[in-house]
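Worksheet: one structure, shown below.
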Amino acid sequence: MDKTPDIAVIIPVYNTAEYLPKCMENVLASKFKSMEIILVDDGSTDGKSPLLCDDYAKADSRVRVIHKENGGLQSAWIAGVRASTASYLSFIDSDDWLDSEFFEELFAHTSQAYKSCEIISSDYIIEKQNERKEVHHMVSCGQHFGENLDNIKLRLLGEEQRTVVLSRCMKLISRKLITDNLHYCDSAIRLGEDVNITIPALCDCKRLYVTDKCYYHYRTVTTSISHSHNTEMLDNIKLLCDTCCTIMEDKNIQNAREQADKEALRLLFVYVKNELRANYKGVLSTVKNTLEEQGIRNKVIVTKLDVNNKANKLIYFGMRHPSKIILKLIQTVILAYDKKTN
(Lines give C-alpha, C1' and ligand atoms only; values in the text may rest on other atoms or scores of the structure.)
Protein backbone atom coordinates (compact mmCIF):
# COMPACT_ATOMS: atom_id res chain seq x y z
CA MET A 1 0.00 0.00 0.00
CA ASP A 2 1.77 3.12 -1.24
CA LYS A 3 0.02 5.80 0.79
CA THR A 4 -1.43 5.86 4.26
CA PRO A 5 -5.06 4.71 3.97
CA ASP A 6 -7.88 7.00 5.05
CA ILE A 7 -9.87 4.35 6.95
CA ALA A 8 -8.82 1.35 9.00
CA VAL A 9 -11.55 -1.29 9.12
CA ILE A 10 -11.05 -3.40 12.24
CA ILE A 11 -12.89 -6.72 12.39
CA PRO A 12 -12.46 -8.98 15.45
CA VAL A 13 -12.97 -12.64 14.54
CA TYR A 14 -13.71 -15.48 16.92
CA ASN A 15 -15.19 -18.72 15.53
CA THR A 16 -17.34 -16.85 13.01
CA ALA A 17 -16.38 -18.59 9.77
CA GLU A 18 -20.10 -19.00 9.05
CA TYR A 19 -20.69 -15.24 9.00
CA LEU A 20 -17.37 -13.66 8.01
CA PRO A 21 -17.85 -14.09 4.22
CA LYS A 22 -20.96 -11.89 4.19
CA CYS A 23 -19.22 -9.29 6.35
CA MET A 24 -16.13 -9.21 4.10
CA GLU A 25 -18.10 -9.36 0.86
CA ASN A 26 -19.74 -6.03 1.62
CA VAL A 27 -16.53 -4.39 2.85
CA LEU A 28 -14.62 -5.43 -0.26
CA ALA A 29 -17.51 -4.38 -2.53
CA SER A 30 -17.22 -0.77 -1.37
CA LYS A 31 -16.31 1.83 -3.98
CA PHE A 32 -14.17 3.46 -1.28
CA LYS A 33 -10.71 1.99 -1.82
CA SER A 34 -8.40 3.94 0.52
CA MET A 35 -8.66 1.53 3.43
CA GLU A 36 -6.73 -1.06 5.37
CA ILE A 37 -8.72 -4.03 6.59
CA ILE A 38 -7.41 -5.61 9.80
CA LEU A 39 -8.81 -9.01 10.71
CA VAL A 40 -8.02 -9.86 14.33
CA ASP A 41 -8.28 -13.59 14.92
CA ASP A 42 -8.80 -13.72 18.68
CA GLY A 43 -7.63 -17.28 19.22
CA SER A 44 -10.39 -18.96 17.21
CA THR A 45 -10.75 -22.68 17.91
CA ASP A 46 -13.07 -23.74 15.07
CA GLY A 47 -10.19 -24.56 12.70
CA LYS A 48 -11.82 -22.50 9.94
CA SER A 49 -11.81 -18.85 10.97
CA PRO A 50 -7.99 -18.39 11.05
CA LEU A 51 -7.60 -20.00 7.61
CA LEU A 52 -10.42 -17.90 6.18
CA CYS A 53 -8.75 -14.73 7.48
CA ASP A 54 -5.46 -15.76 5.84
CA ASP A 55 -7.25 -16.46 2.55
CA TYR A 56 -8.63 -12.90 2.49
CA ALA A 57 -5.15 -11.49 3.13
CA LYS A 58 -3.72 -13.51 0.24
CA ALA A 59 -6.46 -12.34 -2.11
CA ASP A 60 -6.37 -8.60 -1.31
CA SER A 61 -3.30 -6.56 -0.38
CA ARG A 62 -5.38 -4.23 1.78
CA VAL A 63 -6.16 -7.06 4.20
CA ARG A 64 -3.87 -7.85 7.13
CA VAL A 65 -4.38 -10.55 9.75
CA ILE A 66 -3.43 -10.56 13.40
CA HIS A 67 -3.49 -13.98 15.08
CA LYS A 68 -3.50 -13.66 18.87
CA GLU A 69 -4.37 -15.61 21.97
CA ASN A 70 -7.99 -15.33 23.03
CA GLY A 71 -8.45 -12.25 25.17
CA GLY A 72 -12.02 -11.20 24.48
CA LEU A 73 -13.65 -8.70 22.16
CA GLN A 74 -12.12 -5.60 23.72
CA SER A 75 -8.57 -6.95 23.53
CA ALA A 76 -9.16 -7.90 19.88
CA TRP A 77 -10.26 -4.51 18.63
CA ILE A 78 -7.58 -2.77 20.70
CA ALA A 79 -4.98 -4.95 18.96
CA GLY A 80 -6.47 -3.82 15.65
CA VAL A 81 -6.30 -0.16 16.69
CA ARG A 82 -2.63 -0.44 17.63
CA ALA A 83 -1.81 -2.08 14.30
CA SER A 84 -3.71 0.52 12.27
CA THR A 85 -2.23 3.53 10.49
CA ALA A 86 -5.31 5.33 9.08
CA SER A 87 -6.64 8.56 10.55
CA TYR A 88 -10.19 7.19 10.90
CA LEU A 89 -11.30 3.87 12.35
CA SER A 90 -14.32 1.74 11.54
CA PHE A 91 -15.24 -1.24 13.71
CA ILE A 92 -17.33 -4.13 12.42
CA ASP A 93 -18.22 -7.31 14.29
CA SER A 94 -17.57 -10.29 12.05
CA ASP A 95 -21.13 -11.64 12.26
CA ASP A 96 -22.55 -8.28 11.15
CA TRP A 97 -22.40 -6.55 7.78
CA LEU A 98 -22.81 -3.09 6.30
CA ASP A 99 -24.04 -1.59 3.06
CA SER A 100 -21.26 -1.03 0.55
CA GLU A 101 -21.82 2.76 0.42
CA PHE A 102 -21.16 3.09 4.18
CA PHE A 103 -17.53 4.22 3.90
CA GLU A 104 -18.00 6.63 1.02
CA GLU A 105 -21.04 8.32 2.55
CA LEU A 106 -19.59 8.67 6.05
CA PHE A 107 -16.06 9.63 5.05
CA ALA A 108 -17.38 12.64 3.12
CA HIS A 109 -18.10 14.28 6.47
CA THR A 110 -14.45 14.16 7.50
CA SER A 111 -13.54 16.72 4.84
CA GLN A 112 -12.81 20.38 5.57
CA ALA A 113 -16.05 21.26 3.81
CA TYR A 114 -17.81 19.60 6.76
CA LYS A 115 -15.41 21.07 9.33
CA SER A 116 -13.66 17.70 9.69
CA CYS A 117 -16.14 15.84 11.89
CA GLU A 118 -14.39 13.53 14.35
CA ILE A 119 -17.23 11.03 14.78
CA ILE A 120 -19.69 10.18 12.03
CA SER A 121 -22.42 7.71 12.89
CA SER A 122 -25.12 5.94 10.90
CA ASP A 123 -28.29 4.33 12.20
CA TYR A 124 -28.58 0.55 12.06
CA ILE A 125 -30.88 -2.41 11.51
CA ILE A 126 -31.30 -5.29 13.94
CA GLU A 127 -31.41 -8.49 11.91
CA LYS A 128 -33.11 -11.28 13.85
CA GLN A 129 -33.99 -14.37 11.82
CA ASN A 130 -36.81 -13.09 9.59
CA GLU A 131 -37.39 -9.90 11.58
CA ARG A 132 -35.81 -6.53 10.83
CA LYS A 133 -35.98 -3.48 13.08
CA GLU A 134 -34.52 -0.06 12.35
CA VAL A 135 -32.84 1.75 15.24
CA HIS A 136 -32.28 5.50 15.02
CA HIS A 137 -30.41 8.03 17.13
CA MET A 138 -32.56 10.26 19.28
CA VAL A 139 -30.52 13.30 18.23
CA SER A 140 -31.48 14.82 14.91
CA CYS A 141 -29.72 14.02 11.67
CA GLY A 142 -26.95 16.50 10.92
CA GLN A 143 -23.91 18.09 12.50
CA HIS A 144 -23.64 18.76 16.23
CA PHE A 145 -21.02 21.03 17.80
CA GLY A 146 -20.60 23.79 20.36
CA GLU A 147 -23.38 24.27 22.93
CA ASN A 148 -25.61 21.80 21.14
CA LEU A 149 -23.00 19.03 21.47
CA ASP A 150 -22.28 20.05 25.07
CA ASN A 151 -25.96 19.50 25.89
CA ILE A 152 -25.87 16.08 24.18
CA LYS A 153 -22.95 15.12 26.41
CA LEU A 154 -25.20 15.69 29.43
CA ARG A 155 -27.54 12.93 28.13
CA LEU A 156 -25.23 10.19 26.88
CA LEU A 157 -26.07 7.70 29.64
CA GLY A 158 -29.19 6.72 31.56
CA GLU A 159 -31.80 7.62 28.96
CA GLU A 160 -34.57 5.20 28.01
CA GLN A 161 -33.41 5.48 24.40
CA ARG A 162 -29.82 6.34 23.58
CA THR A 163 -29.36 9.97 22.61
CA VAL A 164 -26.35 8.81 20.62
CA VAL A 165 -25.91 5.11 19.87
CA LEU A 166 -22.95 4.04 22.01
CA SER A 167 -21.78 1.07 19.94
CA ARG A 168 -18.26 1.45 18.59
CA CYS A 169 -19.63 -0.01 15.34
CA MET A 170 -21.67 1.81 12.62
CA LYS A 171 -19.28 4.77 12.94
CA LEU A 172 -16.17 6.42 11.63
CA ILE A 173 -14.14 7.66 14.59
CA SER A 174 -11.00 9.75 14.57
CA ARG A 175 -8.12 7.44 15.44
CA LYS A 176 -6.79 10.04 17.86
CA LEU A 177 -10.02 10.04 19.87
CA ILE A 178 -9.62 6.30 20.34
CA THR A 179 -5.88 6.13 21.03
CA ASP A 180 -6.01 9.06 23.46
CA ASN A 181 -8.56 7.17 25.56
CA LEU A 182 -7.37 3.57 25.44
CA HIS A 183 -6.06 3.91 28.99
CA TYR A 184 -9.68 3.98 30.19
CA CYS A 185 -10.39 0.52 28.73
CA ASP A 186 -10.75 -2.12 31.43
CA SER A 187 -10.60 -5.74 30.24
CA ALA A 188 -12.61 -6.77 33.31
CA ILE A 189 -15.68 -5.02 31.84
CA ARG A 190 -17.71 -7.67 30.02
CA LEU A 191 -21.04 -5.82 29.89
CA GLY A 192 -21.10 -2.68 27.77
CA GLU A 193 -17.48 -2.90 26.60
CA ASP A 194 -18.22 -0.47 23.79
CA VAL A 195 -19.44 2.18 26.22
CA ASN A 196 -16.03 1.99 27.89
CA ILE A 197 -14.42 3.62 24.81
CA THR A 198 -17.26 5.50 23.10
CA ILE A 199 -18.03 7.57 26.21
CA PRO A 200 -14.55 9.18 26.46
CA ALA A 201 -14.40 9.57 22.67
CA LEU A 202 -17.76 11.36 22.60
CA CYS A 203 -16.80 13.52 25.57
CA ASP A 204 -13.66 14.69 23.72
CA CYS A 205 -15.40 15.04 20.36
CA LYS A 206 -15.76 18.60 19.07
CA ARG A 207 -17.87 17.83 16.01
CA LEU A 208 -20.32 14.93 15.61
CA TYR A 209 -22.32 14.06 12.52
CA VAL A 210 -25.32 11.72 12.57
CA THR A 211 -26.93 10.39 9.41
CA ASP A 212 -30.49 9.08 9.36
CA LYS A 213 -29.65 6.17 7.05
CA CYS A 214 -29.30 2.59 8.31
CA TYR A 215 -26.06 1.41 6.75
CA TYR A 216 -25.11 -1.12 9.44
CA HIS A 217 -26.77 -4.52 9.95
CA TYR A 218 -26.51 -5.97 13.44
CA ARG A 219 -27.10 -9.71 13.49
CA THR A 220 -28.57 -11.16 16.69
CA VAL A 221 -27.51 -14.76 17.12
CA THR A 222 -29.77 -16.73 19.47
CA THR A 223 -27.88 -18.32 22.33
CA SER A 224 -29.05 -20.39 25.25
CA ILE A 225 -29.87 -18.57 28.47
CA SER A 226 -27.98 -19.64 31.58
CA HIS A 227 -30.39 -21.01 34.16
CA SER A 228 -28.48 -19.75 37.18
CA HIS A 229 -27.92 -16.62 39.22
CA ASN A 230 -25.66 -14.26 37.28
CA THR A 231 -23.62 -12.61 40.03
CA GLU A 232 -21.09 -11.33 37.50
CA MET A 233 -23.71 -9.13 35.85
CA LEU A 234 -24.25 -7.09 39.01
CA ASP A 235 -20.50 -6.70 39.48
CA ASN A 236 -20.15 -5.61 35.85
CA ILE A 237 -22.94 -3.05 36.14
CA LYS A 238 -21.15 -1.45 39.08
CA LEU A 239 -17.73 -1.60 37.40
CA LEU A 240 -19.00 -0.16 34.12
CA CYS A 241 -20.97 2.68 35.70
CA ASP A 242 -18.22 3.62 38.16
CA THR A 243 -15.72 3.63 35.27
CA CYS A 244 -18.01 5.82 33.16
CA CYS A 245 -18.47 8.20 36.08
CA THR A 246 -14.69 8.54 36.48
CA ILE A 247 -14.27 9.13 32.74
CA MET A 248 -16.96 11.80 32.60
CA GLU A 249 -15.64 13.54 35.71
CA ASP A 250 -12.18 13.57 34.11
CA LYS A 251 -13.79 15.17 31.04
CA ASN A 252 -15.57 17.80 33.17
CA ILE A 253 -19.09 16.57 32.44
CA GLN A 254 -21.07 18.28 35.19
CA ASN A 255 -23.69 15.58 35.80
CA ALA A 256 -21.36 12.58 35.57
CA ARG A 257 -22.59 10.86 38.73
CA GLU A 258 -26.24 11.41 37.84
CA GLN A 259 -25.77 9.90 34.38
CA ALA A 260 -23.86 6.91 35.81
CA ASP A 261 -26.52 6.23 38.45
CA LYS A 262 -29.31 6.38 35.87
CA GLU A 263 -27.37 4.01 33.63
CA ALA A 264 -26.95 1.60 36.54
CA LEU A 265 -30.72 1.50 37.00
CA ARG A 266 -31.33 0.98 33.27
CA LEU A 267 -28.93 -1.97 33.36
CA LEU A 268 -30.63 -3.25 36.52
CA PHE A 269 -33.77 -3.60 34.37
CA VAL A 270 -31.79 -6.00 32.19
CA TYR A 271 -30.58 -7.93 35.24
CA VAL A 272 -34.12 -8.37 36.58
CA LYS A 273 -35.45 -9.50 33.18
CA ASN A 274 -32.60 -11.96 32.64
CA GLU A 275 -32.89 -13.50 36.11
CA LEU A 276 -36.67 -13.89 36.00
CA ARG A 277 -36.46 -15.27 32.48
CA ALA A 278 -33.92 -17.90 33.59
CA ASN A 279 -36.55 -19.18 36.05
CA TYR A 280 -34.18 -21.25 38.19
CA LYS A 281 -35.11 -22.54 41.64
CA GLY A 282 -35.25 -19.71 44.17
CA VAL A 283 -35.06 -16.93 41.55
CA LEU A 284 -37.80 -14.82 43.18
CA SER A 285 -35.94 -14.79 46.51
CA THR A 286 -32.65 -14.05 44.79
CA VAL A 287 -34.00 -11.06 42.86
CA LYS A 288 -35.92 -9.78 45.90
CA ASN A 289 -32.83 -9.98 48.11
CA THR A 290 -30.72 -8.24 45.46
CA LEU A 291 -33.19 -5.36 45.12
CA GLU A 292 -33.30 -5.01 48.92
CA GLU A 293 -29.52 -4.68 49.28
CA GLN A 294 -28.90 -1.27 50.82
CA GLY A 295 -26.74 0.20 48.07
CA ILE A 296 -29.09 -0.90 45.29
CA ARG A 297 -32.20 0.01 47.29
CA ASN A 298 -30.93 3.54 47.93
CA LYS A 299 -30.05 4.04 44.26
CA VAL A 300 -33.48 2.84 43.12
CA ILE A 301 -35.30 5.13 45.54
CA VAL A 302 -33.11 8.25 45.24
CA THR A 303 -32.34 8.31 41.51
CA LYS A 304 -35.07 9.89 39.40
CA LEU A 305 -35.81 7.92 36.25
CA ASP A 306 -38.29 8.62 33.45
CA VAL A 307 -39.84 5.36 32.27
CA ASN A 308 -42.32 5.34 29.39
CA ASN A 309 -42.03 1.81 28.03
CA LYS A 310 -44.91 -0.29 29.40
CA ALA A 311 -42.81 -3.36 30.13
CA ASN A 312 -40.14 -1.28 31.85
CA LYS A 313 -42.79 0.49 33.92
CA LEU A 314 -43.83 -2.86 35.36
CA ILE A 315 -40.24 -3.86 36.08
CA TYR A 316 -39.52 -0.43 37.59
CA PHE A 317 -42.50 -0.85 39.91
CA GLY A 318 -41.10 -4.22 40.99
CA MET A 319 -37.68 -2.68 41.59
CA ARG A 320 -39.21 0.00 43.81
CA HIS A 321 -41.57 -2.42 45.59
CA PRO A 322 -39.73 -5.75 45.64
CA SER A 323 -41.99 -8.57 46.82
CA LYS A 324 -42.31 -12.14 45.60
CA ILE A 325 -45.91 -11.55 44.51
CA ILE A 326 -44.99 -8.59 42.29
CA LEU A 327 -41.86 -10.30 40.96
CA LYS A 328 -43.89 -13.42 40.15
CA LEU A 329 -46.33 -11.26 38.17
CA ILE A 330 -43.46 -9.70 36.24
CA GLN A 331 -41.95 -13.13 35.56
CA THR A 332 -45.29 -14.45 34.27
CA VAL A 333 -45.54 -11.53 31.83
CA ILE A 334 -41.94 -12.00 30.63
CA LEU A 335 -42.29 -15.75 30.08
CA ALA A 336 -45.61 -15.30 28.30
CA TYR A 337 -44.07 -12.73 25.98
CA ASP A 338 -41.09 -15.01 25.27
CA LYS A 339 -43.42 -17.90 24.42
CA LYS A 340 -45.45 -15.69 22.10
CA THR A 341 -42.45 -14.31 20.22
CA ASN A 342 -40.22 -17.40 20.21
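Each chain in the C-alpha coordinates gets a letter, A, B and so on, in the order shown; residues start at 1 in every chain, and ligands are counted from 1 in the order they appear.
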
Practice problem: Per DSSP on the backbone, filter range 89-279 of chain A down to the residues in strand (DSSP E) and report them as a ChimeraX atom specification. | Solution: /A:89-91,97-98,119-128,131-135,142-145,171-174,207-219

Self-check item: Shell of 7 Å around Asp42 in chain A, only C-alpha atoms, local chain residues under 2 positions omitted, as a list in words
Solution: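 In the requested format, the answer is Pro12, Val13, Tyr14, Val40, Ser44, His67, Lys68, Glu69, Asn70, Gly71 and Ala76 of chain A.
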
Self-check item: Selection near Leu154 in chain A, 10 Å with only C-alpha atoms, sequence-local residues under 6 positions removed, as a PyMOL selection string
Solution: chain A and resi 163+203+248+253-256+258-259

Exercise. Tell me which of A:Leu28, A:Leu240, A:Met35, A:Ile199 sits closest to Pro5 in chain A, counting only C-alpha atoms.
Key: A:Met35

Quiz item: With only C-alpha atoms as the basis for distance, which of A:Tyr209, A:Ala188, A:Val63, A:Gly43 is at the shortest distance from His137 in chain A?
Solution: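 That would be A:Tyr209, the residue with the smallest distance to His137 in chain A.
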
Quiz item: Near Asp212 in chain A, counting only C-alpha atoms, which residues have an atom at most 8 Å away, once you skip same-chain residues fewer than 4 positions from it, shown as number ranges by chain?
Solution: A: 122-123, 136-137, 141

Writer output for current selection, N, CA, C and O atoms, as a PDB file, in the first residue's frame:
ATOM      1  N   SER A 122     -23.886   6.274  11.608  1.00  0.00           N
ATOM      2  CA  SER A 122     -25.117   5.941  10.900  1.00  0.00           C
ATOM      3  C   SER A 122     -26.090   5.280  11.873  1.00  0.00           C
ATOM      4  O   SER A 122     -25.716   4.904  12.992  1.00  0.00           O
ATOM      5  N   ASP A 123     -27.336   5.150  11.462  1.00  0.00           N
ATOM      6  CA  ASP A 123     -28.292   4.334  12.197  1.00  0.00           C
ATOM      7  C   ASP A 123     -28.051   2.874  11.808  1.00  0.00           C
ATOM      8  O   ASP A 123     -27.160   2.577  11.006  1.00  0.00           O
ATOM      9  N   HIS A 136     -32.762   4.169  15.375  1.00  0.00           N
ATOM     10  CA  HIS A 136     -32.281   5.504  15.024  1.00  0.00           C
ATOM     11  C   HIS A 136     -31.800   6.257  16.265  1.00  0.00           C
ATOM     12  O   HIS A 136     -32.295   6.035  17.369  1.00  0.00           O
ATOM     13  N   HIS A 137     -30.844   7.145  16.054  1.00  0.00           N
ATOM     14  CA  HIS A 137     -30.407   8.031  17.126  1.00  0.00           C
ATOM     15  C   HIS A 137     -31.563   8.921  17.561  1.00  0.00           C
ATOM     16  O   HIS A 137     -32.436   9.264  16.760  1.00  0.00           O
ATOM     17  N   CYS A 141     -30.699  14.206  12.728  1.00  0.00           N
ATOM     18  CA  CYS A 141     -29.718  14.023  11.668  1.00  0.00           C
ATOM     19  C   CYS A 141     -29.008  15.351  11.411  1.00  0.00           C
ATOM     20  O   CYS A 141     -29.629  16.408  11.419  1.00  0.00           O
TER      21      CYS A 141
END

Quiz prompt | Residues within 7 Å of range 180-187 of chain A, only C-alpha atoms, excluding chain neighbours under 2 positions, as a list in words | solution = Gln74, Lys176, Leu177, Ile178, Ile189, Asn196, Ile197, Pro200 and Ala201 of chain A

Exercise. Might you pull out every residue within 12 Å of Asp235 in chain A, with only C-alpha atoms counted and same-chain residues fewer than 4 positions away left off, and present them as a list of chain:residue names?
Key: A:Ala188, A:Ile189, A:Arg190, A:Leu191, A:Asn230, A:Thr231, A:Leu239, A:Leu240, A:Cys241, A:Asp242, A:Ala264, A:Leu267, A:Leu268, A:Tyr271, A:Thr290, A:Ile296

Written selection (all heavy atoms) as a tab-separated table (two decimals), in the first residue's frame:
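As a result, part_26.tsv now contains:
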chain	number	residue	atom	x	y	z
A	188	ALA	N	-11.70	-6.09	32.39
A	188	ALA	CA	-12.61	-6.77	33.31
A	188	ALA	C	-14.07	-6.46	32.99
A	188	ALA	O	-14.97	-7.17	33.43
A	188	ALA	CB	-12.31	-6.37	34.75
A	189	ILE	N	-14.31	-5.39	32.22
A	189	ILE	CA	-15.68	-5.02	31.84
A	189	ILE	C	-16.14	-5.95	30.72
A	189	ILE	O	-15.57	-5.98	29.64
A	189	ILE	CB	-15.75	-3.55	31.39
A	189	ILE	CG1	-15.45	-2.63	32.58
A	189	ILE	CG2	-17.12	-3.23	30.80
A	189	ILE	CD1	-15.40	-1.15	32.21
A	190	ARG	N	-17.18	-6.72	30.99
A	190	ARG	CA	-17.71	-7.67	30.02
A	190	ARG	C	-19.14	-7.32	29.61
A	190	ARG	O	-19.71	-7.96	28.75
A	190	ARG	CB	-17.70	-9.09	30.61
A	190	ARG	CG	-16.30	-9.60	30.92
A	190	ARG	CD	-15.56	-9.97	29.66
A	190	ARG	NE	-14.21	-10.45	29.92
A	190	ARG	CZ	-13.44	-11.01	29.00
A	190	ARG	NH1	-13.88	-11.14	27.76
A	190	ARG	NH2	-12.22	-11.43	29.29
A	191	LEU	N	-19.71	-6.31	30.24
A	191	LEU	CA	-21.04	-5.82	29.89
A	191	LEU	C	-20.88	-4.36	29.47
A	191	LEU	O	-20.42	-3.54	30.26
A	191	LEU	CB	-21.99	-5.92	31.09
A	191	LEU	CG	-23.37	-5.31	30.93
A	191	LEU	CD1	-24.23	-6.15	29.99
A	191	LEU	CD2	-24.08	-5.19	32.28
A	230	ASN	N	-26.80	-14.90	37.94
A	230	ASN	CA	-25.66	-14.26	37.28
A	230	ASN	C	-25.08	-13.17	38.19
A	230	ASN	O	-25.40	-12.00	38.06
A	230	ASN	CB	-26.10	-13.68	35.94
A	230	ASN	CG	-24.91	-13.18	35.13
A	230	ASN	OD1	-23.80	-13.08	35.63
A	230	ASN	ND2	-25.16	-12.86	33.88
A	231	THR	N	-24.23	-13.58	39.11
A	231	THR	CA	-23.62	-12.61	40.03
A	231	THR	C	-22.68	-11.67	39.30
A	231	THR	O	-22.51	-10.52	39.69
A	231	THR	CB	-22.85	-13.33	41.15
A	231	THR	OG1	-21.90	-14.22	40.55
A	231	THR	CG2	-23.79	-14.14	42.02
A	239	LEU	N	-19.04	-1.95	37.97
A	239	LEU	CA	-17.73	-1.60	37.40
A	239	LEU	C	-17.89	-0.66	36.22
A	239	LEU	O	-17.18	0.36	36.12
A	239	LEU	CB	-16.99	-2.87	36.98
A	239	LEU	CG	-15.63	-2.67	36.30
A	239	LEU	CD1	-14.67	-1.91	37.20
A	239	LEU	CD2	-15.04	-4.02	35.88
A	240	LEU	N	-18.80	-0.99	35.31
A	240	LEU	CA	-19.00	-0.16	34.12
A	240	LEU	C	-19.43	1.25	34.49
A	240	LEU	O	-18.87	2.24	33.99
A	240	LEU	CB	-20.03	-0.80	33.19
A	240	LEU	CG	-20.42	0.04	31.96
A	240	LEU	CD1	-19.23	0.21	31.02
A	240	LEU	CD2	-21.60	-0.59	31.22
A	241	CYS	N	-20.42	1.36	35.36
A	241	CYS	CA	-20.97	2.68	35.70
A	241	CYS	C	-19.99	3.51	36.52
A	241	CYS	O	-19.91	4.73	36.33
A	241	CYS	CB	-22.32	2.52	36.42
A	241	CYS	SG	-23.59	1.82	35.33
A	242	ASP	N	-19.24	2.88	37.41
A	242	ASP	CA	-18.22	3.62	38.16
A	242	ASP	C	-17.11	4.09	37.22
A	242	ASP	O	-16.60	5.22	37.35
A	242	ASP	CB	-17.63	2.73	39.26
A	242	ASP	CG	-18.56	2.55	40.44
A	242	ASP	OD1	-19.57	3.29	40.52
A	242	ASP	OD2	-18.30	1.67	41.27
A	264	ALA	N	-26.95	2.79	35.69
A	264	ALA	CA	-26.95	1.60	36.54
A	264	ALA	C	-28.37	1.05	36.71
A	264	ALA	O	-28.59	-0.16	36.67
A	264	ALA	CB	-26.35	1.93	37.90
A	267	LEU	N	-29.52	-0.65	33.49
A	267	LEU	CA	-28.93	-1.97	33.36
A	267	LEU	C	-29.50	-2.94	34.39
A	267	LEU	O	-29.55	-4.16	34.15
A	267	LEU	CB	-27.40	-1.88	33.52
A	267	LEU	CG	-26.69	-1.14	32.38
A	267	LEU	CD1	-25.20	-0.98	32.70
A	267	LEU	CD2	-26.86	-1.86	31.06
A	268	LEU	N	-29.97	-2.41	35.51
A	268	LEU	CA	-30.63	-3.25	36.52
A	268	LEU	C	-31.93	-3.82	35.96
A	268	LEU	O	-32.32	-4.94	36.30
A	268	LEU	CB	-30.89	-2.45	37.79
A	268	LEU	CG	-31.20	-3.26	39.05
A	268	LEU	CD1	-30.07	-4.23	39.39
A	268	LEU	CD2	-31.44	-2.32	40.24
A	271	TYR	N	-30.87	-6.88	34.25
A	271	TYR	CA	-30.58	-7.93	35.24
A	271	TYR	C	-31.87	-8.60	35.70
A	271	TYR	O	-31.96	-9.83	35.72
A	271	TYR	CB	-29.83	-7.33	36.44
A	271	TYR	CG	-29.85	-8.24	37.65
A	271	TYR	CD1	-28.97	-9.32	37.75
A	271	TYR	CD2	-30.78	-8.04	38.67
A	271	TYR	CE1	-29.01	-10.17	38.84
A	271	TYR	CE2	-30.83	-8.89	39.77
A	271	TYR	CZ	-29.94	-9.95	39.85
A	271	TYR	OH	-30.00	-10.80	40.92
A	290	THR	N	-31.60	-9.16	46.17
A	290	THR	CA	-30.72	-8.24	45.46
A	290	THR	C	-31.27	-6.83	45.49
A	290	THR	O	-30.54	-5.86	45.77
A	290	THR	CB	-30.53	-8.69	44.00
A	290	THR	OG1	-29.89	-9.97	43.98
A	290	THR	CG2	-29.69	-7.69	43.22
A	296	ILE	N	-28.19	-0.87	46.43
A	296	ILE	CA	-29.09	-0.90	45.29
A	296	ILE	C	-30.42	-0.25	45.65
A	296	ILE	O	-30.97	0.53	44.87
A	296	ILE	CB	-29.30	-2.35	44.81
A	296	ILE	CG1	-28.01	-2.90	44.21
A	296	ILE	CG2	-30.45	-2.44	43.79
A	296	ILE	CD1	-28.06	-4.34	43.79

Quiz item: If you run DSSP on this backbone, which residues of range 159-230 of chain A come out as helix (DSSP H, G or I), and could you give them as a list in words?
Solution: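 So the helix (DSSP H, G or I) residues in range 159-230 of chain A would be Arg175, Lys176, Leu177, Ile178, Thr179, Leu182, His183, Tyr184, Glu193, Asp194, Val195, Asn196, Ile197, Thr198, Ile199, Pro200, Ala201, Leu202, Cys203 and Asp204 of chain A.
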
Under the rule of at most 9 Å, produce a per-residue listing of range 8-42 of chain A near range 96-107 of chain A: chain, number, name, the closest pair of atoms, and the distance in Å, as CSV, using only C-alpha atoms.
residue,atom,partner,partner_atom,distance
A:Tyr19,CA,A:Asp96,CA,7.5
A:Leu20,CA,A:Asp96,CA,8.1
A:Lys22,CA,A:Trp97,CA,6.6
A:Cys23,CA,A:Trp97,CA,4.4
A:Met24,CA,A:Trp97,CA,7.7
A:Glu25,CA,A:Trp97,CA,8.6
A:Asn26,CA,A:Ser100,CA,5.3
A:Val27,CA,A:Ser100,CA,6.2
A:Leu28,CA,A:Ser100,CA,8.0
A:Ala29,CA,A:Ser100,CA,5.9
A:Ser30,CA,A:Ser100,CA,4.5
A:Lys31,CA,A:Glu101,CA,7.1
A:Phe32,CA,A:Glu104,CA,5.5
